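The next block holds one structure in the form of structure tokens; read it before the comments.
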Amino acid sequence: MAHHFFELAPHFRPYRWAGTELQIGLQPIRPQDWLLIDADYAEFMYTKRVHLTSCAARCYRTLPDSRAAQRELRDMVVRHLLDDHPGRFSLLAGTLMCDIDRQSWNLDDDCVEPLWQLSQFVQEDFLLLQEVDGHLLITAASNAYSSSGRLVAAVGRDIRWAHEPVPKLTALHGSRIDRILAAVHESAPCARFNWQLTPLSSIFFPEDPHAANRAALKSVSAQLSKDPSLAPSVLHIRVERQTLRRLPLTRAIAFSIHTYSDSLGSLSRDTASINALLALLKDYPPERLRYSEMESIQGAVITWLESRAAPPR
């Protein structure tokens with residue numbers, strides 16, 4: 001699912017405030033803004049359901065002991081949808097109904113895992129983190145469109161294992177991440193963002209997303225080197241909005257991911273974003289460029305950004 005409407009600005013533009021070094025960048029959000037419903041919800045959810053079903057082995061995994069936390073999360077999300085997204089969902093005799101695409105789910109069906117059911121009616125992906133024998137572990141994950149592919153594999157492991165491939169993240173911020181996770185509160189959700197440039201327009205990345213992204217970048221890098229003006233038509237800005245929230249009963253932490261993909265061309269008239277991206281790509285450390293696989297297109301994108309940037313004062 002791609003967004004090709006050049007006249008529409010992206011939903012979120014975290015590169016406007018991002019730094020060149022990896023940041024945690026948590027921001028408090030209002031509880032009513034916890035989860036989001038986009039204008040393309042029906043199309044999005046149809047694609048997500050198909051993707052989850054066809055790729056369940058790599059998109060979904062849970063531990064048996066996570067069932068109570070799954071149920072609490074699902075019920076908490078249902079209350080949020082009913083209270084904060086009125087007119088879009090309704091609940092009758094244990095059946096949740098979506099008034100957008102006319103789908104329904106029996107919440108009393110114990111044959112369906114609550115996290116799997118939840119994944120069928122919200123755009124966000126979810127992970128659950130719980131304390132097991134004194135260690136905070138990922139105990140459940142439904143991750144249809146992560147750009148890493150590592151989160152589902154991390155079920156049964158800790159967050160440091162999930163972050164291992166990210167350069168310097170654990171070394172620089174591991175202890176702070178541990179403190180943040182310990183302090184997450186049920187009434188004070190927070191959000192952070194990731195972003196990258198990629199030729200892959202779909203938010204549903206294929207198996208081994210890093211390899212797929214690397215191959216896609218290789219296929220366009222020579223083209224862009226010859227003609228940087230093609231950058232807005234062949235590259236997309238992929239943004240992940242991530243939230244953290246404590247579940248009050250099980251004390252599990254719910255981690256959500258909502259992914260967006262917008263054409264780079266959607267920034268053509270957004271001078272502030274153009275200038276911010278230009279500054280970031282000029283100063284990005286080599287290891288960050290390698291991890292995001294943007295090093296092969298860095299020069300061409302900088303050339304295009306410079307052609308659109310506001311002149312220095």
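Ordered as shown in the structure tokens, chains take letters A, B, and onward, while each chain numbers its residues from 1 and ligands are numbered from 1 in the order shown.
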message = I'd like the neighbourhood of Ser263 in chain A as a PyMOL selection string, where a residue qualifies if any of its atoms comes within 7 Å (using only C-alpha atoms), though same-chain residues fewer than 2 positions away should be ignored.
response = chain A and resi 3-4+232-233+235-237+261+265-266
request  = Name the residues in contact with range 281-284 of chain A at a cut-off of 12 Å, using only C-alpha atoms, excluding same-chain residues fewer than 5 positions from it; report them as a list in words.
outcome  = Tyr15, Ala18, Gly19, Thr20, Glu21, Leu22, Gln196, Leu197, Ile274, Asn275, Ala276, Leu289, Arg290, Tyr291, Ser292, Glu293, Met294, Glu295, Ser296, Ile297, Gln298, Gly299, Ala300, Val301, Ile302, Thr303, Trp304, Leu305 and Glu306 of chain A
Export N, CA and C atoms of the chosen residues as a PDB file, in the first residue's frame?
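Output file out-v9.pdb is given in full below:
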ATOM      1  N   TYR A  15      11.793  13.508  11.127  1.00  0.00           N
ATOM      2  CA  TYR A  15      13.106  13.988  10.693  1.00  0.00           C
ATOM      3  C   TYR A  15      13.249  15.488  10.928  1.00  0.00           C
ATOM      4  N   ALA A  18      14.678  15.194  14.519  1.00  0.00           N
ATOM      5  CA  ALA A  18      15.631  14.123  14.814  1.00  0.00           C
ATOM      6  C   ALA A  18      17.063  14.645  14.818  1.00  0.00           C
ATOM      7  N   GLY A  19      17.931  13.922  15.519  1.00  0.00           N
ATOM      8  CA  GLY A  19      19.357  14.231  15.520  1.00  0.00           C
ATOM      9  C   GLY A  19      20.114  13.195  14.715  1.00  0.00           C
ATOM     10  N   THR A  20      21.375  13.481  14.447  1.00  0.00           N
ATOM     11  CA  THR A  20      22.175  12.538  13.658  1.00  0.00           C
ATOM     12  C   THR A  20      22.543  11.297  14.460  1.00  0.00           C
ATOM     13  N   GLU A  21      22.688  11.432  15.779  1.00  0.00           N
ATOM     14  CA  GLU A  21      22.947  10.274  16.630  1.00  0.00           C
ATOM     15  C   GLU A  21      21.613   9.639  17.017  1.00  0.00           C
ATOM     16  N   LEU A  22      21.629   8.338  17.211  1.00  0.00           N
ATOM     17  CA  LEU A  22      20.417   7.617  17.559  1.00  0.00           C
ATOM     18  C   LEU A  22      19.850   8.141  18.871  1.00  0.00           C
ATOM     19  N   GLN A 196      13.133   6.113   7.768  1.00  0.00           N
ATOM     20  CA  GLN A 196      14.178   5.754   6.814  1.00  0.00           C
ATOM     21  C   GLN A 196      13.676   6.021   5.397  1.00  0.00           C
ATOM     22  N   LEU A 197      14.612   6.108   4.462  1.00  0.00           N
ATOM     23  CA  LEU A 197      14.285   6.207   3.039  1.00  0.00           C
ATOM     24  C   LEU A 197      14.452   4.835   2.404  1.00  0.00           C
ATOM     25  N   ILE A 274      12.594  19.455   3.990  1.00  0.00           N
ATOM     26  CA  ILE A 274      13.709  19.316   3.041  1.00  0.00           C
ATOM     27  C   ILE A 274      15.018  19.722   3.709  1.00  0.00           C
ATOM     28  N   ASN A 275      15.018  20.877   4.362  1.00  0.00           N
ATOM     29  CA  ASN A 275      16.235  21.368   5.017  1.00  0.00           C
ATOM     30  C   ASN A 275      16.667  20.438   6.155  1.00  0.00           C
ATOM     31  N   ALA A 276      15.690  19.924   6.907  1.00  0.00           N
ATOM     32  CA  ALA A 276      16.024  19.026   8.015  1.00  0.00           C
ATOM     33  C   ALA A 276      16.629  17.722   7.497  1.00  0.00           C
ATOM     34  N   LEU A 289      24.161   5.122   8.545  1.00  0.00           N
ATOM     35  CA  LEU A 289      23.856   4.989   7.117  1.00  0.00           C
ATOM     36  C   LEU A 289      23.886   3.528   6.694  1.00  0.00           C
ATOM     37  N   ARG A 290      24.865   2.783   7.217  1.00  0.00           N
ATOM     38  CA  ARG A 290      24.962   1.364   6.856  1.00  0.00           C
ATOM     39  C   ARG A 290      23.778   0.579   7.394  1.00  0.00           C
ATOM     40  N   TYR A 291      23.388   0.866   8.652  1.00  0.00           N
ATOM     41  CA  TYR A 291      22.288   0.115   9.251  1.00  0.00           C
ATOM     42  C   TYR A 291      20.980   0.389   8.505  1.00  0.00           C
ATOM     43  N   SER A 292      20.729   1.645   8.152  1.00  0.00           N
ATOM     44  CA  SER A 292      19.501   1.997   7.424  1.00  0.00           C
ATOM     45  C   SER A 292      19.626   1.721   5.931  1.00  0.00           C
ATOM     46  N   GLU A 293      20.849   1.327   5.509  1.00  0.00           N
ATOM     47  CA  GLU A 293      21.141   0.972   4.118  1.00  0.00           C
ATOM     48  C   GLU A 293      20.949   2.153   3.159  1.00  0.00           C
ATOM     49  N   MET A 294      21.093   3.382   3.690  1.00  0.00           N
ATOM     50  CA  MET A 294      20.904   4.563   2.849  1.00  0.00           C
ATOM     51  C   MET A 294      22.212   5.062   2.244  1.00  0.00           C
ATOM     52  N   GLU A 295      23.351   4.394   2.562  1.00  0.00           N
ATOM     53  CA  GLU A 295      24.627   4.916   2.092  1.00  0.00           C
ATOM     54  C   GLU A 295      24.742   4.922   0.575  1.00  0.00           C
ATOM     55  N   SER A 296      24.097   3.961  -0.109  1.00  0.00           N
ATOM     56  CA  SER A 296      24.217   3.877  -1.570  1.00  0.00           C
ATOM     57  C   SER A 296      23.440   4.983  -2.285  1.00  0.00           C
ATOM     58  N   ILE A 297      22.498   5.619  -1.577  1.00  0.00           N
ATOM     59  CA  ILE A 297      21.699   6.678  -2.225  1.00  0.00           C
ATOM     60  C   ILE A 297      21.943   8.046  -1.585  1.00  0.00           C
ATOM     61  N   GLN A 298      22.802   8.092  -0.576  1.00  0.00           N
ATOM     62  CA  GLN A 298      23.005   9.333   0.163  1.00  0.00           C
ATOM     63  C   GLN A 298      23.357  10.502  -0.759  1.00  0.00           C
ATOM     64  N   GLY A 299      24.356  10.310  -1.625  1.00  0.00           N
ATOM     65  CA  GLY A 299      24.812  11.413  -2.479  1.00  0.00           C
ATOM     66  C   GLY A 299      23.729  11.921  -3.406  1.00  0.00           C
ATOM     67  N   ALA A 300      22.989  11.014  -4.036  1.00  0.00           N
ATOM     68  CA  ALA A 300      21.942  11.418  -4.975  1.00  0.00           C
ATOM     69  C   ALA A 300      20.817  12.141  -4.254  1.00  0.00           C
ATOM     70  N   VAL A 301      20.443  11.635  -3.077  1.00  0.00           N
ATOM     71  CA  VAL A 301      19.351  12.281  -2.334  1.00  0.00           C
ATOM     72  C   VAL A 301      19.776  13.667  -1.867  1.00  0.00           C
ATOM     73  N   ILE A 302      21.022  13.801  -1.422  1.00  0.00           N
ATOM     74  CA  ILE A 302      21.513  15.120  -1.014  1.00  0.00           C
ATOM     75  C   ILE A 302      21.450  16.089  -2.191  1.00  0.00           C
ATOM     76  N   THR A 303      21.850  15.628  -3.372  1.00  0.00           N
ATOM     77  CA  THR A 303      21.799  16.489  -4.559  1.00  0.00           C
ATOM     78  C   THR A 303      20.372  16.961  -4.821  1.00  0.00           C
ATOM     79  N   TRP A 304      19.399  16.031  -4.739  1.00  0.00           N
ATOM     80  CA  TRP A 304      17.999  16.435  -4.980  1.00  0.00           C
ATOM     81  C   TRP A 304      17.511  17.381  -3.895  1.00  0.00           C
ATOM     82  N   LEU A 305      17.839  17.061  -2.624  1.00  0.00           N
ATOM     83  CA  LEU A 305      17.412  17.924  -1.520  1.00  0.00           C
ATOM     84  C   LEU A 305      17.991  19.329  -1.664  1.00  0.00           C
ATOM     85  N   GLU A 306      19.248  19.424  -2.079  1.00  0.00           N
ATOM     86  CA  GLU A 306      19.873  20.743  -2.260  1.00  0.00           C
ATOM     87  C   GLU A 306      19.166  21.550  -3.341  1.00  0.00           C
TER      88      GLU A 306
END
Which of range 118-274 of chain A DSSP labels strand (DSSP E or B), written as number ranges by chain = A: 125-132, 135-142, 158, 185, 188, 190-198, 236-246, 253-263
Would you save the residues from that selection as a short mmCIF file (atom, residue, chain, number, x, y, z; two decimals), in the first residue's frame, using C-alpha atoms?
data_model
loop_
_atom_site.label_atom_id
_atom_site.label_comp_id
_atom_site.auth_asym_id
_atom_site.auth_seq_id
_atom_site.Cartn_x
_atom_site.Cartn_y
_atom_site.Cartn_z
CA ASP A 125 1.20 -3.98 15.53
CA PHE A 126 1.73 -4.96 19.18
CA LEU A 127 4.39 -6.52 21.40
CA LEU A 128 3.96 -7.43 25.04
CA LEU A 129 6.81 -7.24 27.56
CA GLN A 130 6.45 -8.98 30.91
CA GLU A 131 8.65 -9.75 33.88
CA VAL A 132 9.55 -13.46 33.90
CA HIS A 135 13.80 -10.47 33.63
CA LEU A 136 11.71 -8.29 31.32
CA LEU A 137 11.01 -10.45 28.26
CA ILE A 138 9.03 -10.09 25.07
CA THR A 139 6.23 -12.62 25.58
CA ALA A 140 4.02 -11.97 22.54
CA ALA A 141 4.37 -10.22 19.19
CA SER A 142 2.10 -9.53 16.24
CA ASP A 158 14.73 -9.50 26.19
CA HIS A 185 2.75 4.05 33.53
CA ALA A 188 0.69 8.14 30.79
CA CYS A 190 4.30 7.89 25.38
CA ALA A 191 5.41 7.78 21.75
CA ARG A 192 8.58 7.85 19.67
CA PHE A 193 9.40 7.65 15.95
CA ASN A 194 11.77 5.95 13.53
CA TRP A 195 12.24 6.88 9.89
CA GLN A 196 14.18 5.75 6.81
CA LEU A 197 14.28 6.21 3.04
CA THR A 198 13.55 3.13 0.94
CA HIS A 236 9.61 6.60 -0.04
CA ILE A 237 9.82 7.89 3.53
CA ARG A 238 8.95 5.09 5.92
CA VAL A 239 7.96 6.28 9.40
CA GLU A 240 7.13 4.16 12.44
CA ARG A 241 5.10 5.67 15.27
CA GLN A 242 5.77 3.59 18.38
CA THR A 243 3.94 3.83 21.72
CA LEU A 244 4.52 2.41 25.20
CA ARG A 245 1.79 1.85 27.79
CA ARG A 246 1.54 -0.15 31.02
CA ILE A 253 4.04 -3.24 28.85
CA ALA A 254 2.24 -2.85 25.53
CA PHE A 255 4.49 -1.63 22.72
CA SER A 256 2.71 -0.59 19.52
CA ILE A 257 3.96 0.18 16.01
CA HIS A 258 1.98 2.10 13.39
CA THR A 259 3.79 2.38 10.05
CA TYR A 260 3.39 4.97 7.29
CA SER A 261 4.87 5.12 3.80
CA ASP A 262 4.86 8.37 1.81
CA SER A 263 6.56 9.28 -1.42
#
If we count only C-alpha atoms and set the cut-off at 10 Å, which residues sit around Ala153 in chain A, ignoring sequence neighbours fewer than 2 positions away in its own chain? Please answer as an mmCIF file with N, CA and C atoms, in the first residue's frame.
data_model
loop_
_atom_site.group_PDB
_atom_site.id
_atom_site.type_symbol
_atom_site.label_atom_id
_atom_site.label_comp_id
_atom_site.auth_asym_id
_atom_site.auth_seq_id
_atom_site.Cartn_x
_atom_site.Cartn_y
_atom_site.Cartn_z
ATOM 1 N N ALA A 57 3.777 -17.483 10.398
ATOM 2 C CA ALA A 57 4.946 -18.075 11.043
ATOM 3 C C ALA A 57 6.014 -17.030 11.363
ATOM 4 N N ARG A 58 6.127 -16.001 10.545
ATOM 5 C CA ARG A 58 7.154 -14.993 10.806
ATOM 6 C C ARG A 58 6.579 -13.676 11.327
ATOM 7 N N CYS A 59 5.252 -13.546 11.376
ATOM 8 C CA CYS A 59 4.625 -12.298 11.810
ATOM 9 C C CYS A 59 3.973 -12.391 13.184
ATOM 10 N N TYR A 60 3.869 -13.613 13.728
ATOM 11 C CA TYR A 60 3.095 -13.762 14.964
ATOM 12 C C TYR A 60 3.686 -14.877 15.821
ATOM 13 N N ARG A 61 3.894 -14.568 17.097
ATOM 14 C CA ARG A 61 4.384 -15.587 18.023
ATOM 15 C C ARG A 61 4.024 -15.166 19.443
ATOM 16 N N ILE A 138 10.101 -10.218 26.047
ATOM 17 C CA ILE A 138 9.028 -10.094 25.067
ATOM 18 C C ILE A 138 8.277 -11.421 25.077
ATOM 19 N N ALA A 141 4.119 -11.209 20.247
ATOM 20 C CA ALA A 141 4.367 -10.218 19.189
ATOM 21 C C ALA A 141 3.487 -10.521 17.987
ATOM 22 N N GLY A 149 12.105 -7.260 11.128
ATOM 23 C CA GLY A 149 11.876 -8.693 11.071
ATOM 24 C C GLY A 149 12.387 -9.436 12.287
ATOM 25 N N ARG A 150 12.899 -8.726 13.280
ATOM 26 C CA ARG A 150 13.540 -9.371 14.431
ATOM 27 C C ARG A 150 12.611 -9.446 15.639
ATOM 28 N N LEU A 151 11.550 -8.663 15.647
ATOM 29 C CA LEU A 151 10.743 -8.554 16.855
ATOM 30 C C LEU A 151 9.995 -9.838 17.183
ATOM 31 N N VAL A 155 10.554 -13.084 20.698
ATOM 32 C CA VAL A 155 9.636 -13.590 21.720
ATOM 33 C C VAL A 155 10.359 -14.642 22.569
ATOM 34 N N GLY A 156 10.303 -14.453 23.877
ATOM 35 C CA GLY A 156 11.048 -15.307 24.795
ATOM 36 C C GLY A 156 12.405 -14.744 25.154
ATOM 37 N N ARG A 157 12.788 -13.620 24.539
ATOM 38 C CA ARG A 157 14.074 -12.975 24.814
ATOM 39 C C ARG A 157 13.817 -11.559 25.329
ATOM 40 N N TRP A 161 18.248 -8.093 23.209
ATOM 41 C CA TRP A 161 18.473 -9.014 22.091
ATOM 42 C C TRP A 161 17.790 -8.489 20.832
ATOM 43 N N ALA A 162 16.582 -7.953 20.975
ATOM 44 C CA ALA A 162 15.862 -7.415 19.820
ATOM 45 C C ALA A 162 16.604 -6.237 19.204
#
message = Taking only C-alpha atoms into account, name the residue in A:Gln27, A:Thr95, A:Gln70, A:Thr250 that is nearest to Leu118 in chain A.
response =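 Nearest candidate to Leu118 in chain A out of A:Gln27, A:Thr95, A:Gln70, A:Thr250: A:Gln70.
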inquiry  = I'd like to know which residues of range 171-266 of chain A are helix (DSSP H, G or I) (by DSSP, run on the backbone); could you write them as a PyMOL selection string?
reply    = chain A and resi 171-183+209-226+228-234+264-266
task = Report the distance between CA of Gln32 in chain A and CA of Trp116 in chain A in Å, rounded to one decimal place.
result =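 It comes out at 22.9 Å.
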ask   = Which value, in Å to one decimal, gives the distance between CA of Ala272 in chain A and CA of Tyr145 in chain A?
value =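 Computing the Euclidean distance for CA of Ala272 in chain A and CA of Tyr145 in chain A yields 28.4 Å.
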Coordinates-based distance that separates CA of Ala42 in chain A from CA of Asp270 in chain A (Å, one decimal) = 28.7 Å
request  = Point out the residue among A:Ser307, A:Glu113, A:Ala231, A:Leu249 with the least atom-to-atom distance to Arg67 in chain A, counting only C-alpha atoms.
outcome  = A:Glu113
task = Using only C-alpha atoms, pick whichever of A:His85, A:Leu280, A:Ser273, A:Ser54 has the shortest atom-to-atom distance to Phe12 in chain A.
result = A:Ser273
